[in-house]
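A.B. asks: Structure supplied as structure.cif; contents: mmCIF, C-alpha atoms.
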```cif
data_final
loop_
_atom_site.label_atom_id
_atom_site.label_comp_id
_atom_site.auth_asym_id
_atom_site.auth_seq_id
_atom_site.Cartn_x
_atom_site.Cartn_y
_atom_site.Cartn_z
CA MET R 208 -7.63 7.38 19.31
CA ALA R 209 -8.99 5.75 16.16
CA LEU R 210 -6.40 4.62 13.64
CA GLY R 211 -7.85 6.83 10.91
CA THR R 212 -7.40 9.93 13.04
CA ALA R 213 -3.78 9.43 14.09
CA THR R 214 -1.89 12.66 14.43
CA ALA R 215 1.27 11.66 16.27
CA PRO R 216 4.19 10.09 14.39
CA TYR R 217 4.42 7.22 16.90
CA GLU R 218 0.97 6.07 15.80
CA LEU R 219 2.18 5.67 12.24
CA ARG R 220 4.54 2.92 11.12
CA PHE R 221 8.07 3.59 9.97
CA ASP R 222 9.55 0.08 10.08
CA ALA R 223 9.49 -1.09 6.45
CA GLY R 224 13.11 -0.14 5.80
CA ARG R 225 12.56 2.48 3.07
CA ILE R 226 10.52 5.65 3.03
CA CYS R 227 8.61 4.53 -0.08
CA LEU R 228 7.68 1.27 1.69
CA ASP R 229 6.65 3.21 4.79
CA LEU R 230 4.28 5.15 2.53
CA LEU R 231 2.78 1.83 1.37
CA SER R 232 2.17 0.94 5.02
CA THR R 233 -0.29 3.83 5.35
CA THR R 234 -3.04 1.61 3.90
CA HIS R 235 -2.98 -0.89 6.76
CA PRO R 236 -5.04 -1.77 8.69
CA GLU R 237 -7.13 0.93 7.03
CA GLU R 238 -6.56 4.14 5.09
CA ARG R 239 -4.26 6.29 7.20
CA LEU R 240 -3.73 9.31 4.92
CA ASP R 241 -7.34 10.39 5.28
CA SER R 242 -6.57 13.81 6.69
CA VAL R 243 -4.03 16.56 6.24
CA ALA R 244 -3.06 16.30 9.92
CA VAL R 245 -2.07 12.66 9.50
CA LEU R 246 -0.18 13.44 6.29
CA ARG R 247 1.77 16.18 8.09
CA ALA R 248 2.60 13.72 10.89
CA TRP R 249 3.70 11.13 8.33
CA ILE R 250 5.91 13.62 6.44
CA THR R 251 7.63 14.67 9.66
CA GLY R 252 7.78 11.18 11.19
CA SER R 253 9.26 9.69 8.04
CA GLY R 254 12.13 12.15 8.12
CA LEU R 255 11.27 13.86 4.85
CA VAL R 256 11.61 17.18 6.67
CA PRO R 257 13.27 18.22 9.94
CA ALA R 258 10.99 17.80 12.94
CA ASP R 259 10.28 21.51 13.42
CA THR R 260 9.37 22.20 9.78
CA VAL R 261 6.09 24.09 9.44
CA LEU R 262 3.69 22.34 7.05
CA ALA R 263 0.67 24.60 7.58
CA HIS R 264 0.39 25.13 3.83
CA ALA R 265 -0.29 21.40 3.20
CA ASP R 266 -3.85 20.80 2.11
CA ALA R 267 -6.18 18.05 0.89
CA ALA R 268 -4.53 18.11 -2.55
CA TRP R 269 -1.29 17.02 -0.89
CA ALA R 270 -2.99 14.01 0.69
CA ALA R 271 -4.48 13.04 -2.68
CA ALA R 272 -1.06 13.38 -4.35
CA PHE R 273 0.65 11.21 -1.72
CA ARG R 274 -2.09 8.56 -2.01
CA GLU R 275 -1.64 8.55 -5.80
CA LEU R 276 2.14 8.14 -5.45
CA ARG R 277 1.55 5.37 -2.91
CA ASP R 278 -0.70 3.54 -5.39
CA GLN R 279 1.89 3.79 -8.17
CA VAL R 280 4.74 2.66 -5.91
CA GLY R 281 2.60 -0.26 -4.76
CA ARG R 282 2.07 -1.38 -8.34
CA LEU R 283 5.81 -1.25 -8.95
CA VAL R 284 6.91 -2.95 -5.75
CA ARG R 285 4.35 -5.73 -6.00
CA GLY R 286 4.76 -6.17 -9.75
CA TRP R 287 8.51 -5.85 -10.32
CA SER R 288 8.98 -9.58 -10.94
CA ALA R 289 6.56 -9.50 -13.90
CA PRO R 290 6.80 -5.94 -15.25
CA ARG R 291 5.01 -6.51 -18.56
CA ALA R 292 1.58 -5.18 -17.68
CA ARG R 293 0.29 -1.84 -18.93
CA ALA R 294 -0.48 -0.73 -15.36
CA TYR R 295 3.17 -1.37 -14.43
CA ASP R 296 4.40 0.76 -17.33
CA PHE R 297 2.03 3.59 -16.39
CA ALA R 298 3.13 3.40 -12.75
CA LEU R 299 6.79 3.45 -13.76
CA ALA R 300 6.29 6.51 -15.97
CA ARG R 301 4.33 8.30 -13.23
CA VAL R 302 6.92 7.61 -10.51
CA ASN R 303 9.70 8.74 -12.86
CA ASP R 304 7.78 11.97 -13.53
CA LEU R 305 7.24 12.58 -9.82
CA ALA R 306 10.95 12.00 -9.13
CA THR R 307 11.97 14.81 -11.50
CA PRO R 308 11.68 17.93 -9.25
CA ALA R 309 14.45 18.60 -6.76
CA PRO R 310 13.65 17.28 -3.28
CA PRO R 311 13.87 19.67 -0.33
CA ALA R 312 17.47 20.67 0.37
CA PRO R 313 18.38 20.59 4.06
CA ARG R 314 20.87 23.01 5.52
CA ALA R 315 22.97 22.61 8.63
CA VAL R 316 22.44 25.57 10.96
CA ARG R 317 23.24 26.25 14.60
CA ASP R 318 20.44 26.31 17.11
CA GLU R 319 20.33 28.60 20.15
CA GLY R 320 22.72 26.31 22.03
CA GLY R 321 25.24 26.19 19.19
CA GLU R 322 24.40 22.63 18.11
CA LEU R 323 24.11 21.87 14.41
CA ILE R 324 20.59 20.97 13.33
CA GLY R 325 18.89 20.40 9.99
CA ARG R 326 16.60 23.08 8.59
CA LEU R 327 14.99 23.92 5.28
CA ASP R 328 15.28 27.39 3.76
CA GLY R 329 11.51 27.65 3.62
CA PRO R 330 8.39 25.53 3.65
CA PRO R 331 8.73 22.65 1.18
CA ASP R 332 6.22 22.30 -1.61
CA CYS R 333 4.31 19.12 -2.32
CA ALA R 334 6.23 18.34 -5.55
CA ALA R 335 9.56 18.43 -3.72
CA LEU R 336 8.36 16.03 -1.03
CA LEU R 337 6.79 13.69 -3.58
CA ALA R 338 10.09 13.76 -5.48
CA ALA R 339 11.99 12.58 -2.41
CA VAL R 340 9.69 9.58 -1.98
CA ALA R 341 9.60 8.83 -5.72
CA ARG R 342 13.41 8.95 -5.88
CA ASP R 343 13.56 6.50 -2.99
CA ALA R 344 11.28 4.16 -4.97
CA VAL R 345 13.46 4.52 -8.07
CA ASP R 346 16.57 3.75 -6.00
CA LEU R 347 14.89 0.68 -4.50
CA LEU R 348 13.64 -0.68 -7.81
CA THR R 349 16.94 -0.16 -9.62
CA ASP R 350 19.06 -1.75 -6.87
CA PRO R 351 19.08 -5.54 -7.43
CA VAL R 352 20.33 -6.24 -3.89
CA ALA R 353 17.60 -4.14 -2.27
CA ARG R 354 14.96 -5.51 -4.64
CA ALA R 355 15.97 -9.07 -3.69
CA ALA R 356 15.39 -8.17 -0.02
CA LEU R 357 11.76 -7.14 -0.58
CA ARG R 358 9.37 -9.32 1.42
CA GLN R 359 5.62 -9.53 1.87
CA CYS R 360 4.57 -9.87 5.51
CA GLU R 361 3.45 -13.40 6.35
CA GLY R 362 0.93 -12.07 8.85
CA ASP R 363 -2.69 -13.00 8.30
CA ASN R 364 -4.16 -10.51 5.79
CA CYS R 365 -1.23 -8.11 6.15
CA PRO R 366 -0.35 -6.35 2.88
CA ILE R 367 2.80 -4.66 4.14
CA VAL R 368 5.96 -5.01 2.06
CA TYR R 369 9.26 -4.45 3.83
CA LEU R 370 12.98 -4.63 3.21
CA ASP R 371 14.44 -7.67 4.96
CA THR R 372 17.82 -6.62 6.27
CA SER R 373 17.89 -9.24 9.03
CA ARG R 374 20.79 -11.61 9.47
CA GLY R 375 20.19 -14.59 7.24
CA ARG R 376 17.22 -12.86 5.56
CA ARG R 377 14.78 -14.75 7.80
CA ARG R 378 12.41 -11.96 8.81
CA ARG R 379 8.82 -13.16 8.35
CA TRP R 380 6.69 -10.27 9.55
CA CYS R 381 6.47 -6.55 9.00
CA SER R 382 6.74 -6.20 12.76
CA SER R 383 7.50 -8.82 15.38
CA GLU R 384 5.42 -6.83 17.86
CA VAL R 385 2.37 -6.60 15.59
CA CYS R 386 2.00 -9.45 13.10
CA GLY R 387 4.61 -11.68 14.76
CA ASN R 388 2.84 -11.43 18.10
CA ARG R 389 -0.53 -12.20 16.49
CA GLU R 390 0.96 -15.31 14.86
CA ARG R 391 2.50 -16.49 18.14
CA VAL R 392 -0.81 -16.00 19.97
CA ALA R 393 -2.70 -17.87 17.22
CA ARG R 394 -0.14 -20.72 17.32
CA HIS R 395 -0.47 -20.94 21.12
CA ARG R 396 -4.28 -21.08 20.86
CA ARG R 397 -4.10 -23.85 18.25
CA ARG R 398 -1.77 -25.91 20.45
CA ALA R 399 -4.01 -25.32 23.48
CA ALA R 400 -7.10 -26.38 21.50
CA LEU R 401 -5.36 -29.56 20.30
CA ALA R 402 -4.28 -30.35 23.86
CA ARG R 403 -7.88 -30.11 25.07
CA THR R 404 -9.14 -32.62 22.49
#
```
Could you render the structure from this file as structure tokens?
C.D. replies:
Amino acid sequence: MALGTATAPYELRFDAGRICLDLLSTTHPEERLDSVAVLRAWITGSGLVPADTVLAHADAAWAAAFRELRDQVGRLVRGWSAPRARAYDFALARVNDLATPAPPAPRAVRDEGGELIGRLDGPPDCAALLAAVARDAVDLLTDPVARAALRQCEGDNCPIVYLDTSRGRRRRWCSSEVCGNRERVARHRRRAALART
């Protein structure tokens, strides 16, 4: 299945350490939020809503709104060390505005087997879901410890930013299986080429 047409959560990445950073990852290796189906999969896969939440009312305007939030969060995350630019101030104001509505409120209910599960009272609206992601970005940017753990992937041409929570803060790649593996293969090929000469 082509990357741009992913519809299953396992085809999307949720390994950046924060939901707002996972949203940033939807631009790599190409635009991922190019359809409502993918957006629904991302919303569910990210844990914004319980897995069985119906999102049939989501439409193309939702995808545009999530892409716009992603752009603003990207400006903030990549520009926090030099926040004097006008674009940074606009992004900060926009994310603060989007964080204002109440996010969806989960409820604990019993399923048919008596187990407690999370549910929403009704279908969440776009503003509530955007607020949850925007609030995560605000929490990240206002937490000096978390902000200090932000890292840019060292993979070749990888724009992904992640939260380095590894022991010793030595994580180099967004994913050891993706960018880390590519780097190891490239290193092996360079050594093999040098050995042949």
A.B. asks: Fewer than 5 positions away in the same chain doesn't count, so skip those; otherwise give me all residues within 6 Å of region 222-239 of chain R, counting all atoms listed in the file, as number ranges by chain.
C.D. replies: R: 211, 277, 340, 344, 367, 369-370
A.B. asks: With distances taken over all atoms listed in the file, which residue among R:Ala400, R:Val392, R:Leu337, R:Ala353 lies nearest Leu255 (chain R)?
C.D. replies: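 With all atoms listed in the file as the atom set, the closest residue is R:Leu337.
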A.B. asks: Step by step, work through what the PyMOL selection byres ((chain R and resi 336) around 12) selects in the shown file, and finish by giving those residues as number ranges by chain.
C.D. replies: R: 226-227, 246-247, 249-251, 253-256, 262, 265, 269-270, 272-273, 276, 305-312, 330-335, 337-343
A.B. asks: Nearest to Thr260 (chain R) among R:Val245, R:Leu327, R:Val302, R:Ala315, with distances taken over only C-alpha atoms: which residue is it?
C.D. replies: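 Looking at the shortest contact to Thr260 (chain R), the residue is R:Leu327.
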A.B. asks: On this structure, which residues satisfy the PyMOL selection byres ((chain R and resi 358) around 12), written as a list in words?
C.D. replies: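 This file gives the following for the PyMOL selection byres ((chain R and resi 358) around 12): Ala223, Gly224, Leu228, Val284, Arg285, Ala353, Arg354, Ala355, Ala356, Leu357, Gln359, Cys360, Glu361, Gly362, Cys365, Pro366, Ile367, Val368, Tyr369, Leu370, Asp371, Thr372, Ser373, Arg376, Arg377, Arg378, Arg379, Trp380 and Cys381 of chain R.
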A.B. asks: Which residue gives the smallest distance to Thr349 (chain R) among R:Arg317, R:Asp266, R:Leu283, R:Asp278, with only C-alpha atoms counted?
C.D. replies: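 Between R:Arg317, R:Asp266, R:Leu283, R:Asp278, the residue approaching Thr349 (chain R) most closely is R:Leu283.
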A.B. asks: Find, counting only C-alpha atoms, the residue in R:Ser242, R:Pro313, R:Ala300, R:Gly387 that gets nearest to Gly325 (chain R).
C.D. replies: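 So, comparing all the options, the nearest one is R:Pro313.
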A.B. asks: Report, in Å with one decimal, the straight-line distance from CA of Pro257 (chain R) to CA of Arg326 (chain R).
C.D. replies: 6.0 Å
A.B. asks: Name the residues that the PyMOL selection byres ((chain R and resi 299) around 9) picks from the file above, as a ChimeraX atom specification, using the file's chain letters and numbers.
C.D. replies: /R:279-280,282-283,294-298,300-304,345
A.B. asks: How far is it from CA of Asp363 (chain R) to CA of Ala271 (chain R), in Å with one decimal?
C.D. replies: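 Taking CA of Asp363 (chain R) as the start and CA of Ala271 (chain R) as the end point, the length is 28.3 Å.
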